[in-house]
Amino acid sequence: MSTLLSYFKSDTSTATGTLLAPARWRALEILFWLFALSLFWLAPSKVLLLNEIAILALFVLSLDLILGYAGIVSLGHGAFFGLGAYVAGLLGKHGFTDPVAGLLVAGAIAGLLGFVTSFLVLRGSDLTKLMVTLGVALILRELANKFSSITGGADGLTGVMMGPVLGMFEFDIFGKVAYAYSLAVLFILFYVARRLVNSPFGLLLRAIKGNSLRTGAMGVPTNQRLVTIYTIAAVYAGIAGALLAQTSQFVSLDVLDFHRSADAMLVLVLGGSGQLWGAIIGSIIFKIMYDWLAAITPQYWQFWLGLVLVAVVLFGKGGVLGFFESGREWIAARFKKAGAQ
Amino acid sequence: MLTILFDGFAYGMVLFVLACGLSVTLGLMNFINLAHGAFAMAGGYLTVVLMNRFGVSFFLCIPAGFLVSALLGGILERTLYARLYAKSHLDQVLFSIGLVFMSISAIDFFMGAQQQLITLPPSLRGRVDFMGVNFGVYRLFVIAICLVLAVALQLILTRTRFGSQLRAAVDDARVARGLGINVSLIFTFTFAFGSGLAGLGGVLGAEILGMDPTFPLKFMIYFLVVISVGGTTTLTGPLLASILLGIADVAGKYYVPTVGSFIIYTIMVVVLILRPQGLFGRANAR
C-alpha cells in the first residue's frame, strides 16, 4: 500500500492503520498543490499550457477511477468528455453563461449517459467492453457530426460566451483566470476522488478488480458498485470536457475523437494506473513531451508517442510512479543491507 | 440495386480477408491486436511502391504482399508480440495502439499523407454485363480469391495436422508443450500467417478501400466489428458478418448518405449487448 510519497510515518502494525495509511495527506502532496498554485505567479506565460494540463489531468483521473481502481477497460471514455464539452458549449452559446452552473449541468448530463451506458459494460469479456465503449463514443461522434445545425458539425461550435467565474473573475485572453479556475476544480475533484478511493467503497472496487466472483460471493453487489463508479467517472470526464469548452470558448468534433480516449489511456499508463497521482504526473509529462515533440517534428510526433507507449508496456511496470516506487525500494534494500553488515 | 448488392459483397469479401487474420490471432490466440490494420497497410503500400515505382505486375504483387507482411508479422511476433501473450488485455491494447501510431507516422514520413492510387492491369478493368446487371471484373476477381481463401482456411484449421496442433496449443499451452508440440513456433507461424492475410487484404483492398496513412485506424473499427459481430469461434461467422457489413455499408452510403456509419455502430453495440459472444458464436467459447 505504500506509495512514492509515504513520508509521514503511520502505524501499519494494525489492519486499520494499514488501511488508513494511504488516506493521510503527505508533505509532498501538499507541496505539489502549493507549487501548482505558485506557478500562477512564477510562470504567467505558461498558464495556457498549465490549463491544458489541469484539464487533461482531470480527464485522466476519471479514467483512472474506472480503469485503475475498478478494472473496467474502456476505449471510449472520450464520449463523456465530448458530451460535457458540448453541453457546456451549448449552454454558453444560448445565454446560460454562468461557468460553475454550466460545469454542474455538463457533469450531470455526462453522468446520466454514464449511468445508462454503464449497464453495457457489465457484461462480456474485455474485448466486448472495449468494443461497446468504442461503439458508444463513435455513435456520439457521428451524432455530433450529423446534427450540425445544433453542434456546428465539422466547423465546430463558435460563439460560446462565458460570464465571470462566481460572478467575480472575468476570463482574460492570457488564460490566467482559466488556469486558476481549472486548478481549483481539479483540486476539489481530486480531493473528493481521494476520499472516495480510500473509503470502504474504494476498497471494494479494488476487491472487485482483483476477483469479482469472489467479491460477489462475499455478499457485495458488484454490478451496483461498478455502475456507481462508472457514473461518477462519467461525471468527472464531463466536467473535464466542460472546463475545456468554457476556457477555450470553442468546441469542435475533435473533443469526441478516438485519439482522446487513446491519449487518456496512454497518460494513465505513463503515470501509473491505480494511483490518483499517476493521472496528474502522467498528464504533466505527456503535455510537456507533446509540446516539445510538436515543436521539433510537428507532423511526426505521433511516432514518438507510439514508441513511448510500446516502451512503457514492454519495460515499464506501473508507469513513472511505479518506477520511482521500485527505485525507492531498491535504495531502501541497499541501506538495510549496509546497516546489517 | 443488384449492382449495389454486388459491390457490397465484394467490399465485404475484402473486409473478410483483412479481418480473418485477426480472427485467428484474436479468437484463437486470445491476443487483442489492434495493429492488425498496420500489416494490411504494409501490403497495400508495398503494392503501391512496386507497381508505381518499379512497374511490377499486379498479379505478382498479390503473393509479394502476403509474403512481406507475413515476414514482418513473424519478425515482430518473435521480437515483441511473444512477450505480451501472458500480459493483460489492457497492455496488449496499449501496445498495439502504440504500433498503430508508429506505423501511421512512418508511412506519412516515407510516402506522404495523400491517398495512394494504383492502376489495375487492363485484364482486370472493364465490366461485364450479365442479365442486365453490371459486374466489375476486378470485383469478381476479388470475390473469387476471397472465397477460395475462406474455404482453404477452414480446411487448414479443421483438417490438417497444423490446425489441430494450433487448436491444442491454444486450448492448453502447457499440455500441448508436454505432448511435444512446439507451441511458440506454432504461434509464430499463425501470427505470421494472420499478418500475411492482412497484407493480402491490403493488396486487394488498395483499389476498393483506398490507401492512406490513417488506414490502420480507419479500418480498425471495421475489423473489430466483423470479429465481434461474427464471433471468433468459427470462420463462417466473420465471413457472414463481413458480407453483411460490406453490403450494409455500401447500401447505407448509397441510399441514406446522411446517416452514414451511424447504423453500423448502433448495430454493433446492440449485437454485443444481446449476444456478447457474437451473432454466430457459440456460448461458453473462449
# chains A, B, ... in the order shown; residues from 1 in each chain; ligands from 1
>>> interface_residues(of="chain B", to="chain A", cutoff="7 Å", atoms="only C-alpha atoms", output="list in words")
His89, Leu90, Asp91, Leu94, Phe95, Gly98, Leu99, Phe101, Met102, Ser105, Ala106, Phe262, Tyr265, Thr266, Val269, Leu272, Ile273 and Pro276 of chain B
>>> write_last_selection(atoms="C-alpha atoms", output="PDB file, in the first residue's frame")
ATOM      1  CA  HIS B  89      -5.619  -7.277 -22.346  1.00  0.00           C
ATOM      2  CA  LEU B  90      -5.066  -3.657 -21.420  1.00  0.00           C
ATOM      3  CA  ASP B  91      -1.324  -3.973 -22.032  1.00  0.00           C
ATOM      4  CA  LEU B  94      -1.921  -0.134 -25.432  1.00  0.00           C
ATOM      5  CA  PHE B  95       0.993  -1.872 -27.098  1.00  0.00           C
ATOM      6  CA  GLY B  98       1.375   2.329 -29.965  1.00  0.00           C
ATOM      7  CA  LEU B  99       2.334   0.283 -33.012  1.00  0.00           C
ATOM      8  CA  PHE B 101       0.583   5.339 -34.137  1.00  0.00           C
ATOM      9  CA  MET B 102       4.130   4.496 -35.166  1.00  0.00           C
ATOM     10  CA  SER B 105       3.700   8.348 -38.799  1.00  0.00           C
ATOM     11  CA  ALA B 106       6.272   6.158 -40.514  1.00  0.00           C
ATOM     12  CA  PHE B 262     -24.183   5.557 -37.537  1.00  0.00           C
ATOM     13  CA  TYR B 265     -22.015   1.320 -34.848  1.00  0.00           C
ATOM     14  CA  THR B 266     -25.513   1.026 -33.460  1.00  0.00           C
ATOM     15  CA  VAL B 269     -23.453  -2.163 -29.879  1.00  0.00           C
ATOM     16  CA  LEU B 272     -22.785  -7.032 -28.408  1.00  0.00           C
ATOM     17  CA  ILE B 273     -25.319  -6.317 -25.711  1.00  0.00           C
ATOM     18  CA  PRO B 276     -21.625 -10.779 -26.250  1.00  0.00           C
TER      19      PRO B 276
END
>>> select_by_dssp(residues="segment 15-210 of chain B", states="alpha helix (DSSP H)", output="MDAnalysis selection string")
chainID B and resid 15:22 36:54 58:79 89:111 137:159 161:171 173:178 183:208
>>> closest_residue(among="B:Val229, B:Ile104, B:Ile62, B:Leu46", to="Leu274 of chain B", atoms="only C-alpha atoms")
B:Val229
>>> atom_distance(atom1="atom CA of Thr119 of chain B", atom2="atom CA of Gly194 of chain B")
26.6 Å
>>> residues_around(residues="segment 162-171 of chain B", least_positions_apart="4", cutoff="12 Å", atoms="only C-alpha atoms", output="PyMOL selection string")
chain B and resi 24-31+85+152-158+175-191+233+285-286
>>> closest_residue(among="B:Ser123, B:Gln114, B:Ser195, B:Thr214", to="Leu22 of chain B", atoms="only C-alpha atoms")
B:Ser195
>>> residues_around(residues="Ala193 of chain A", least_positions_apart="3", cutoff="9 Å", atoms="only C-alpha atoms", output="VMD selection string")
chain A and resid 61 to 62 65 188 to 190 196 to 198 276
>>> residues_around(residues="segment 70-73 of chain B", least_positions_apart="6", cutoff="12 Å", atoms="only C-alpha atoms", output="PyMOL selection string")
chain B and resi 21-22+25+33+35-43+63-64+79-82+187-200
>>> decode(residues="segment 75-105 of chain B", atoms="N, CA and C atoms", output="JSON list (two decimals), in the first residue's frame")
[["chain", "number", "residue", "atom", "x", "y", "z"],
["B", 75, "ILE", "N", 8.57, -11.54, -37.73],
["B", 75, "ILE", "CA", 9.68, -10.88, -37.02],
["B", 75, "ILE", "C", 9.16, -10.16, -35.78],
["B", 76, "LEU", "N", 8.07, -9.42, -35.96],
["B", 76, "LEU", "CA", 7.52, -8.69, -34.82],
["B", 76, "LEU", "C", 7.02, -9.63, -33.74],
["B", 77, "GLU", "N", 6.47, -10.76, -34.16],
["B", 77, "GLU", "CA", 5.96, -11.72, -33.18],
["B", 77, "GLU", "C", 7.12, -12.23, -32.33],
["B", 78, "ARG", "N", 8.20, -12.61, -33.00],
["B", 78, "ARG", "CA", 9.36, -13.16, -32.29],
["B", 78, "ARG", "C", 9.96, -12.12, -31.34],
["B", 79, "THR", "N", 10.06, -10.87, -31.81],
["B", 79, "THR", "CA", 10.76, -9.88, -31.01],
["B", 79, "THR", "C", 9.86, -9.23, -29.96],
["B", 80, "LEU", "N", 8.61, -8.91, -30.34],
["B", 80, "LEU", "CA", 7.79, -8.11, -29.43],
["B", 80, "LEU", "C", 6.53, -8.83, -28.94],
["B", 81, "TYR", "N", 5.73, -9.30, -29.89],
["B", 81, "TYR", "CA", 4.42, -9.81, -29.51],
["B", 81, "TYR", "C", 4.52, -10.98, -28.54],
["B", 82, "ALA", "N", 5.52, -11.85, -28.74],
["B", 82, "ALA", "CA", 5.62, -13.06, -27.92],
["B", 82, "ALA", "C", 5.72, -12.72, -26.44],
["B", 83, "ARG", "N", 6.27, -11.54, -26.12],
["B", 83, "ARG", "CA", 6.40, -11.17, -24.71],
["B", 83, "ARG", "C", 5.07, -10.77, -24.10],
["B", 84, "LEU", "N", 4.07, -10.55, -24.96],
["B", 84, "LEU", "CA", 2.84, -9.95, -24.45],
["B", 84, "LEU", "C", 1.68, -10.94, -24.32],
["B", 85, "TYR", "N", 1.91, -12.21, -24.71],
["B", 85, "TYR", "CA", 0.80, -13.16, -24.65],
["B", 85, "TYR", "C", 0.27, -13.29, -23.24],
["B", 86, "ALA", "N", 1.19, -13.27, -22.27],
["B", 86, "ALA", "CA", 0.76, -13.52, -20.90],
["B", 86, "ALA", "C", 0.28, -12.25, -20.21],
["B", 87, "LYS", "N", 0.46, -11.10, -20.86],
["B", 87, "LYS", "CA", 0.09, -9.85, -20.20],
["B", 87, "LYS", "C", -1.41, -9.60, -20.29],
["B", 88, "SER", "N", -1.85, -8.57, -19.57],
["B", 88, "SER", "CA", -3.29, -8.30, -19.55],
["B", 88, "SER", "C", -3.75, -7.74, -20.89],
["B", 89, "HIS", "N", -5.06, -7.81, -21.11],
["B", 89, "HIS", "CA", -5.62, -7.28, -22.35],
["B", 89, "HIS", "C", -5.33, -5.79, -22.49],
["B", 90, "LEU", "N", -5.32, -5.10, -21.37],
["B", 90, "LEU", "CA", -5.07, -3.66, -21.42],
["B", 90, "LEU", "C", -3.67, -3.39, -21.99],
["B", 91, "ASP", "N", -2.69, -4.15, -21.52],
["B", 91, "ASP", "CA", -1.32, -3.97, -22.03],
["B", 91, "ASP", "C", -1.28, -4.25, -23.54],
["B", 92, "GLN", "N", -2.00, -5.30, -23.94],
["B", 92, "GLN", "CA", -2.00, -5.64, -25.37],
["B", 92, "GLN", "C", -2.60, -4.52, -26.20],
["B", 93, "VAL", "N", -3.70, -3.97, -25.68],
["B", 93, "VAL", "CA", -4.36, -2.88, -26.40],
["B", 93, "VAL", "C", -3.42, -1.68, -26.53],
["B", 94, "LEU", "N", -2.80, -1.31, -25.42],
["B", 94, "LEU", "CA", -1.92, -0.13, -25.43],
["B", 94, "LEU", "C", -0.74, -0.36, -26.36],
["B", 95, "PHE", "N", -0.16, -1.55, -26.27],
["B", 95, "PHE", "CA", 0.99, -1.87, -27.10],
["B", 95, "PHE", "C", 0.63, -1.77, -28.57],
["B", 96, "SER", "N", -0.52, -2.35, -28.95],
["B", 96, "SER", "CA", -0.83, -2.37, -30.38],
["B", 96, "SER", "C", -1.28, -0.98, -30.86],
["B", 97, "ILE", "N", -1.91, -0.19, -29.97],
["B", 97, "ILE", "CA", -2.22, 1.18, -30.38],
["B", 97, "ILE", "C", -0.93, 1.95, -30.63],
["B", 98, "GLY", "N", 0.07, 1.70, -29.77],
["B", 98, "GLY", "CA", 1.37, 2.33, -29.97],
["B", 98, "GLY", "C", 1.95, 1.98, -31.32],
["B", 99, "LEU", "N", 1.85, 0.71, -31.70],
["B", 99, "LEU", "CA", 2.33, 0.28, -33.01],
["B", 99, "LEU", "C", 1.58, 0.99, -34.13],
["B", 100, "VAL", "N", 0.25, 1.13, -33.95],
["B", 100, "VAL", "CA", -0.55, 1.80, -34.97],
["B", 100, "VAL", "C", -0.06, 3.24, -35.16],
["B", 101, "PHE", "N", 0.11, 3.95, -34.05],
["B", 101, "PHE", "CA", 0.58, 5.34, -34.14],
["B", 101, "PHE", "C", 1.92, 5.40, -34.87],
["B", 102, "MET", "N", 2.82, 4.48, -34.54],
["B", 102, "MET", "CA", 4.13, 4.50, -35.17],
["B", 102, "MET", "C", 4.03, 4.22, -36.66],
["B", 103, "SER", "N", 3.19, 3.25, -37.02],
["B", 103, "SER", "CA", 3.10, 2.90, -38.44],
["B", 103, "SER", "C", 2.50, 4.06, -39.24],
["B", 104, "ILE", "N", 1.51, 4.74, -38.65],
["B", 104, "ILE", "CA", 0.89, 5.87, -39.35],
["B", 104, "ILE", "C", 1.93, 6.94, -39.64],
["B", 105, "SER", "N", 2.71, 7.29, -38.61],
["B", 105, "SER", "CA", 3.70, 8.35, -38.80],
["B", 105, "SER", "C", 4.80, 7.91, -39.75]]
